[in-house]
Amino acid sequence: MSSAPATASSPRELRRVAAATVIGTTIEWYDFFLYASAAGLVFGELFFKPAGSQAATIISFATVGVSFLFRPLGAFLAGHFGDRVGRKAMLVITLILMGAATTLIGVLPTYSQVGMLAPVLLMLLRILQGLSTGGEWGGAVLMAVEHAPSNRRGLMGAYPQIGVPIGLLLASGVLALMTGVVSPGAAFLEWGWRIPFLLSFVLVVVGIFVRRAVEESPVFAEISERKERTRIPIVQLFRKHWLLVLLAALTFAGNNAAGYMTTGGYIQNYATTPIADGGLVGMERTPVLLAVAAASLVWLAITFFAGAISDRIGRRNTYIAGWIAFLAVIFVLFPLVNTGNVWLLFLGLSLFAIGNGLTYGPQAAYFAELFPASIRYSGVSIAYAIGAILGGAFAPMISAWLVAETGTSLSVAFYIAGVMVIAFVATLLLRDRTGIPLGPEHEDVQQRGHFVWEKAA
């Protein structure tokens, strides 16, 4: 029984797919993380200041979370059309939507200029970002994994995954440049924060050009030839595989909650809030942003390594190693941040990045191998979106509230550790399906054997 795609992709096409997925995903997540970082650094003061300093921070982080609530809608729409029309078209559409929303944020008036209209417009554009993100990830990972031979799915799936830390690196790096060189001090609040958002327009044009050059997924091409497209994929998904969706979502929730300590802007805000305003650390913005950017390089390297090694030791074993690494350092992270030393901050974030990479690198192949071909786009996208809501959506806001209520970051460490333990248990309940055939001719095998209490497919 072959597990190769119906039409094997040439090495040249694999390189093209790898480039298209990593470039497109990098741009998508640059936009997304740029907002999250700005929420921690400037949006509270510019858009929500009348609520008071501490409340403005919590509301600003809440807008980060609101976009996650719209990810399932984006996942539903992109999943439906991705399973019926194709992966490639959805990749281009979601990239355009994200780029337009991000660019428009760069020209928004602030609260001092137009009053309540400013936060309303900001929220609407953040919702558009959520719709885009909900649909983009599933298409990117399926293009990468479904083009790959069975023994390189983890490696190929790691390319769209490393677009996430690269996006964080770019977002943090550009913001650090703006705060430290181009527009230091008051100039950053006045106009400097807008420049990184406006740069998105150029990046999106490049991304669209690259993605349009890639061929459609061989698996979807075979589905089209066989005329076996499911009419309403989401109905079949929840009718037959609701428990699978839930457990897959819980595995991602742990990674997402932990990851959003940095990507959601929480650490940036926690480390830079002045002590006079109720902060516990009071560091300068630029060194904190540089530490986050440098730690994202560690995350990138571990993510790529984890995707590749999962082809050898299995997706499940790689995940388990990641949960252990996470739990080993979660109670070390905040004490290192609390020192106010930028090098110890970098050390804490780098240690944290090990678990983050081990549970993110294999995710593309892991999710693709869980769901049947005919509903795969819907399955991976919706599980991802639900996991993001359960995990990272309001993690920064909850963390800010916990510190405000308890006066200590230890409460945040216990909160994140609890989410990780739930994700760890969900991982143990799912069977490793590394190397399972992905083509529509093997749909009967793909429909069963997902859980440890079942017989293997």
# chains A, B, ... in the order shown; residues from 1 in each chain; ligands from 1
>>> residues_around(residues="Ala176 in chain A", least_positions_apart="5", cutoff="9 Å", atoms="only C-alpha atoms", output="PyMOL selection string")
chain A and resi 171+181+285-290+293
>>> write_last_selection(atoms="C-alpha atoms", output="PDB file, in the first residue's frame")
ATOM      1  CA  ALA A 171       7.631  41.951  14.044  1.00  0.00           C
ATOM      2  CA  VAL A 181      16.561  54.154  16.240  1.00  0.00           C
ATOM      3  CA  ARG A 285      11.161  48.603  25.357  1.00  0.00           C
ATOM      4  CA  THR A 286      14.019  48.162  22.877  1.00  0.00           C
ATOM      5  CA  PRO A 287      16.133  45.573  24.776  1.00  0.00           C
ATOM      6  CA  VAL A 288      13.012  43.565  25.609  1.00  0.00           C
ATOM      7  CA  LEU A 289      11.978  43.490  21.951  1.00  0.00           C
ATOM      8  CA  LEU A 290      15.516  42.472  20.954  1.00  0.00           C
ATOM      9  CA  ALA A 293      13.467  38.600  18.603  1.00  0.00           C
TER      10      ALA A 293
END
>>> residues_around(residues="Ala148 in chain A", least_positions_apart="2", cutoff="12 Å", atoms="only C-alpha atoms", output="MDAnalysis selection string")
chainID A and resid 3:18 141:146 150:159 217:219 311 364:365 368 435 437:439
>>> closest_residue(among="A:Thr339, A:Thr272, A:Thr21, A:Gln363", to="Tyr319 in chain A", atoms="only C-alpha atoms")
A:Gln363
>>> atom_distance(atom1="CA of Ala140 in chain A", atom2="CA of Asp83 in chain A")
13.3 Å
>>> atom_distance(atom1="CA of Glu28 in chain A", atom2="CA of Tyr384 in chain A")
15.6 Å
>>> residues_around(residues="Leu244 in chain A", least_positions_apart="3", cutoff="12 Å", atoms="only C-alpha atoms", output="tab-separated table (two decimals) with N, CA and C atoms, in the first residue's frame")
chain	number	residue	atom	x	y	z
A	237	LEU	N	-17.47	16.16	9.36
A	237	LEU	CA	-16.40	16.25	10.35
A	237	LEU	C	-16.93	16.09	11.76
A	238	PHE	N	-17.96	16.84	12.10
A	238	PHE	CA	-18.47	16.78	13.48
A	238	PHE	C	-19.38	15.58	13.72
A	239	ARG	N	-19.99	15.06	12.68
A	239	ARG	CA	-20.83	13.87	12.86
A	239	ARG	C	-19.99	12.64	13.17
A	240	LYS	N	-18.82	12.50	12.50
A	240	LYS	CA	-18.01	11.31	12.66
A	240	LYS	C	-16.78	11.50	13.54
A	241	HIS	N	-16.29	12.73	13.66
A	241	HIS	CA	-14.97	12.93	14.28
A	241	HIS	C	-14.95	14.05	15.32
A	247	LEU	N	-9.85	16.55	20.93
A	247	LEU	CA	-8.55	16.16	21.46
A	247	LEU	C	-7.41	16.84	20.70
A	248	ALA	N	-7.55	16.93	19.39
A	248	ALA	CA	-6.53	17.63	18.60
A	248	ALA	C	-6.45	19.10	19.02
A	249	ALA	N	-7.62	19.71	19.24
A	249	ALA	CA	-7.65	21.11	19.67
A	249	ALA	C	-6.97	21.28	21.03
A	250	LEU	N	-7.18	20.33	21.94
A	250	LEU	CA	-6.56	20.42	23.27
A	250	LEU	C	-5.04	20.29	23.19
A	251	THR	N	-4.54	19.48	22.25
A	251	THR	CA	-3.08	19.38	22.12
A	251	THR	C	-2.49	20.72	21.69
A	367	PHE	N	-1.43	16.89	12.46
A	367	PHE	CA	-2.84	17.18	12.18
A	367	PHE	C	-3.26	16.61	10.82
A	369	GLU	N	-2.23	14.00	9.31
A	369	GLU	CA	-2.36	12.54	9.39
A	369	GLU	C	-3.54	12.10	10.25
A	370	LEU	N	-4.15	13.03	10.98
A	370	LEU	CA	-5.30	12.67	11.81
A	370	LEU	C	-6.60	12.59	11.02
A	371	PHE	N	-6.75	13.42	9.97
A	371	PHE	CA	-8.06	13.59	9.33
A	371	PHE	C	-8.11	12.98	7.93
A	372	PRO	N	-9.27	12.42	7.54
A	372	PRO	CA	-9.46	11.86	6.20
A	372	PRO	C	-9.30	12.91	5.11
A	379	GLY	N	-10.92	19.77	8.90
A	379	GLY	CA	-10.49	19.17	10.15
A	379	GLY	C	-9.32	19.88	10.79
A	380	VAL	N	-8.25	20.08	10.01
A	380	VAL	CA	-7.05	20.70	10.60
A	380	VAL	C	-7.32	22.16	10.95
A	382	ILE	N	-10.27	23.71	11.72
A	382	ILE	CA	-11.19	23.90	12.84
A	382	ILE	C	-10.57	23.44	14.15
A	383	ALA	N	-9.83	22.32	14.14
A	383	ALA	CA	-9.14	21.87	15.35
A	383	ALA	C	-8.13	22.93	15.80
A	384	TYR	N	-7.43	23.50	14.84
A	384	TYR	CA	-6.44	24.56	15.12
A	384	TYR	C	-7.12	25.79	15.71
A	426	ALA	N	-4.27	14.92	26.50
A	426	ALA	CA	-4.89	14.76	25.18
A	426	ALA	C	-3.94	14.08	24.20
A	427	THR	N	-2.66	14.44	24.27
A	427	THR	CA	-1.65	13.82	23.41
A	427	THR	C	-1.54	12.32	23.68
A	429	LEU	N	-3.82	10.36	24.66
A	429	LEU	CA	-5.03	9.66	24.23
A	429	LEU	C	-5.10	9.44	22.73
A	430	LEU	N	-4.30	10.19	21.96
A	430	LEU	CA	-4.30	10.06	20.51
A	430	LEU	C	-3.19	9.11	20.05
A	431	ARG	N	-3.51	8.27	19.10
A	431	ARG	CA	-2.53	7.32	18.57
A	431	ARG	C	-1.59	8.02	17.58
A	447	GLN	N	-10.19	6.83	8.27
A	447	GLN	CA	-11.40	7.06	9.05
A	447	GLN	C	-11.37	6.41	10.43
A	448	ARG	N	-10.39	5.56	10.72
A	448	ARG	CA	-10.42	4.82	11.98
A	448	ARG	C	-9.03	4.75	12.63
A	449	GLY	N	-9.02	4.26	13.88
A	449	GLY	CA	-7.76	4.03	14.59
A	449	GLY	C	-7.10	5.27	15.12
A	450	HIS	N	-7.89	6.29	15.51
A	450	HIS	CA	-7.32	7.55	15.98
A	450	HIS	C	-6.92	7.52	17.45
A	451	PHE	N	-7.59	6.69	18.25
A	451	PHE	CA	-7.44	6.75	19.71
A	451	PHE	C	-6.72	5.51	20.25
A	452	VAL	N	-6.08	5.67	21.40
A	452	VAL	CA	-5.28	4.57	21.95
A	452	VAL	C	-6.14	3.38	22.35
>>> closest_residue(among="A:Ala294, A:Ala62, A:Ala51, A:Ile422", to="Trp323 in chain A", atoms="only C-alpha atoms")
A:Ile422
>>> select_by_dssp(residues="range 65-239 of chain A", states="alpha helix (DSSP H)", output="PyMOL selection string")
chain A and resi 65-69+71-84+87-105+111-114+117-147+153-177+186-187+194-198+200-212+218-226+233-239
>>> residues_around(residues="Val22 in chain A", least_positions_apart="3", cutoff="8 Å", atoms="only C-alpha atoms", output="PyMOL selection string")
chain A and resi 18-19+25-26+159-163
>>> closest_atom_pairs(of="range 15-104 of chain A", to="range 198-211 of chain A", cutoff="12 Å", atoms="only C-alpha atoms", output="JSON lines")
{"residue": "A:Arg15", "atom": "CA", "partner": "A:Val210", "partner_atom": "CA", "distance": 11.9}
{"residue": "A:Arg16", "atom": "CA", "partner": "A:Val210", "partner_atom": "CA", "distance": 8.5}
{"residue": "A:Val17", "atom": "CA", "partner": "A:Arg211", "partner_atom": "CA", "distance": 8.2}
{"residue": "A:Ala18", "atom": "CA", "partner": "A:Arg211", "partner_atom": "CA", "distance": 10.3}
{"residue": "A:Ala19", "atom": "CA", "partner": "A:Val210", "partner_atom": "CA", "distance": 7.8}
{"residue": "A:Ala20", "atom": "CA", "partner": "A:Arg211", "partner_atom": "CA", "distance": 5.1}
{"residue": "A:Thr21", "atom": "CA", "partner": "A:Arg211", "partner_atom": "CA", "distance": 7.4}
{"residue": "A:Val22", "atom": "CA", "partner": "A:Gly207", "partner_atom": "CA", "distance": 9.6}
{"residue": "A:Ile23", "atom": "CA", "partner": "A:Gly207", "partner_atom": "CA", "distance": 6.3}
{"residue": "A:Gly24", "atom": "CA", "partner": "A:Gly207", "partner_atom": "CA", "distance": 5.1}
{"residue": "A:Thr25", "atom": "CA", "partner": "A:Gly207", "partner_atom": "CA", "distance": 8.7}
{"residue": "A:Thr26", "atom": "CA", "partner": "A:Gly207", "partner_atom": "CA", "distance": 9.0}
{"residue": "A:Ile27", "atom": "CA", "partner": "A:Leu203", "partner_atom": "CA", "distance": 6.4}
{"residue": "A:Glu28", "atom": "CA", "partner": "A:Val204", "partner_atom": "CA", "distance": 8.2}
{"residue": "A:Trp29", "atom": "CA", "partner": "A:Ser200", "partner_atom": "CA", "distance": 10.6}
{"residue": "A:Tyr30", "atom": "CA", "partner": "A:Ser200", "partner_atom": "CA", "distance": 8.2}
{"residue": "A:Asp31", "atom": "CA", "partner": "A:Ser200", "partner_atom": "CA", "distance": 6.8}
{"residue": "A:Phe32", "atom": "CA", "partner": "A:Ser200", "partner_atom": "CA", "distance": 10.5}
{"residue": "A:Phe33", "atom": "CA", "partner": "A:Ser200", "partner_atom": "CA", "distance": 11.9}
{"residue": "A:Leu34", "atom": "CA", "partner": "A:Ser200", "partner_atom": "CA", "distance": 9.8}
{"residue": "A:Tyr35", "atom": "CA", "partner": "A:Ser200", "partner_atom": "CA", "distance": 11.6}
{"residue": "A:Arg87", "atom": "CA", "partner": "A:Arg211", "partner_atom": "CA", "distance": 10.9}
{"residue": "A:Lys88", "atom": "CA", "partner": "A:Arg211", "partner_atom": "CA", "distance": 7.7}
{"residue": "A:Ala89", "atom": "CA", "partner": "A:Arg211", "partner_atom": "CA", "distance": 9.3}
{"residue": "A:Met90", "atom": "CA", "partner": "A:Arg211", "partner_atom": "CA", "distance": 10.5}
{"residue": "A:Leu91", "atom": "CA", "partner": "A:Arg211", "partner_atom": "CA", "distance": 7.4}
{"residue": "A:Val92", "atom": "CA", "partner": "A:Ile208", "partner_atom": "CA", "distance": 6.0}
{"residue": "A:Ile93", "atom": "CA", "partner": "A:Ile208", "partner_atom": "CA", "distance": 8.9}
{"residue": "A:Thr94", "atom": "CA", "partner": "A:Ile208", "partner_atom": "CA", "distance": 10.1}
{"residue": "A:Leu95", "atom": "CA", "partner": "A:Val204", "partner_atom": "CA", "distance": 6.8}
{"residue": "A:Ile96", "atom": "CA", "partner": "A:Val204", "partner_atom": "CA", "distance": 6.8}
{"residue": "A:Leu97", "atom": "CA", "partner": "A:Val204", "partner_atom": "CA", "distance": 9.6}
{"residue": "A:Met98", "atom": "CA", "partner": "A:Val204", "partner_atom": "CA", "distance": 8.5}
{"residue": "A:Gly99", "atom": "CA", "partner": "A:Val204", "partner_atom": "CA", "distance": 5.8}
{"residue": "A:Ala100", "atom": "CA", "partner": "A:Phe201", "partner_atom": "CA", "distance": 7.2}
{"residue": "A:Ala101", "atom": "CA", "partner": "A:Ser200", "partner_atom": "CA", "distance": 9.4}
{"residue": "A:Thr102", "atom": "CA", "partner": "A:Ser200", "partner_atom": "CA", "distance": 6.6}
{"residue": "A:Thr103", "atom": "CA", "partner": "A:Leu198", "partner_atom": "CA", "distance": 4.8}
{"residue": "A:Leu104", "atom": "CA", "partner": "A:Leu198", "partner_atom": "CA", "distance": 7.7}
>>> write_last_selection(atoms="C-alpha atoms", output="PDB file, in the first residue's frame")
ATOM      1  CA  ARG A  15      11.463  23.464  -2.963  1.00  0.00           C
ATOM      2  CA  ARG A  16       8.908  25.805  -4.482  1.00  0.00           C
ATOM      3  CA  VAL A  17       6.213  24.617  -2.054  1.00  0.00           C
ATOM      4  CA  ALA A  18       8.591  25.001   0.899  1.00  0.00           C
ATOM      5  CA  ALA A  19       9.437  28.573  -0.148  1.00  0.00           C
ATOM      6  CA  ALA A  20       5.801  29.511  -0.786  1.00  0.00           C
ATOM      7  CA  THR A  21       4.538  28.166   2.524  1.00  0.00           C
ATOM      8  CA  VAL A  22       7.290  29.638   4.676  1.00  0.00           C
ATOM      9  CA  ILE A  23       7.201  33.061   2.974  1.00  0.00           C
ATOM     10  CA  GLY A  24       3.419  33.319   3.000  1.00  0.00           C
ATOM     11  CA  THR A  25       3.093  32.101   6.584  1.00  0.00           C
ATOM     12  CA  THR A  26       5.863  34.455   7.706  1.00  0.00           C
ATOM     13  CA  ILE A  27       3.987  37.432   6.261  1.00  0.00           C
ATOM     14  CA  GLU A  28       0.675  36.264   7.721  1.00  0.00           C
ATOM     15  CA  TRP A  29       2.152  35.913  11.208  1.00  0.00           C
ATOM     16  CA  TYR A  30       4.269  39.058  10.977  1.00  0.00           C
ATOM     17  CA  ASP A  31       0.963  40.893  10.632  1.00  0.00           C
ATOM     18  CA  PHE A  32      -0.669  38.941  13.448  1.00  0.00           C
ATOM     19  CA  PHE A  33       2.212  39.273  15.929  1.00  0.00           C
ATOM     20  CA  LEU A  34       2.745  42.906  15.064  1.00  0.00           C
ATOM     21  CA  TYR A  35      -0.720  43.617  16.411  1.00  0.00           C
ATOM     22  CA  ARG A  87      -5.919  24.563  -1.105  1.00  0.00           C
ATOM     23  CA  LYS A  88      -4.109  27.050  -3.350  1.00  0.00           C
ATOM     24  CA  ALA A  89      -6.962  29.537  -3.867  1.00  0.00           C
ATOM     25  CA  MET A  90      -7.591  29.818  -0.131  1.00  0.00           C
ATOM     26  CA  LEU A  91      -3.915  30.575   0.535  1.00  0.00           C
ATOM     27  CA  VAL A  92      -3.974  33.623  -1.741  1.00  0.00           C
ATOM     28  CA  ILE A  93      -7.332  34.918  -0.447  1.00  0.00           C
ATOM     29  CA  THR A  94      -6.378  34.685   3.231  1.00  0.00           C
ATOM     30  CA  LEU A  95      -3.061  36.436   2.619  1.00  0.00           C
ATOM     31  CA  ILE A  96      -4.789  39.359   0.868  1.00  0.00           C
ATOM     32  CA  LEU A  97      -7.320  39.678   3.696  1.00  0.00           C
ATOM     33  CA  MET A  98      -4.636  39.747   6.390  1.00  0.00           C
ATOM     34  CA  GLY A  99      -2.477  42.255   4.512  1.00  0.00           C
ATOM     35  CA  ALA A 100      -5.363  44.640   3.895  1.00  0.00           C
ATOM     36  CA  ALA A 101      -6.435  44.586   7.566  1.00  0.00           C
ATOM     37  CA  THR A 102      -2.892  45.139   8.832  1.00  0.00           C
ATOM     38  CA  THR A 103      -2.170  48.008   6.442  1.00  0.00           C
ATOM     39  CA  LEU A 104      -5.388  49.774   7.450  1.00  0.00           C
TER      40      LEU A 104
END
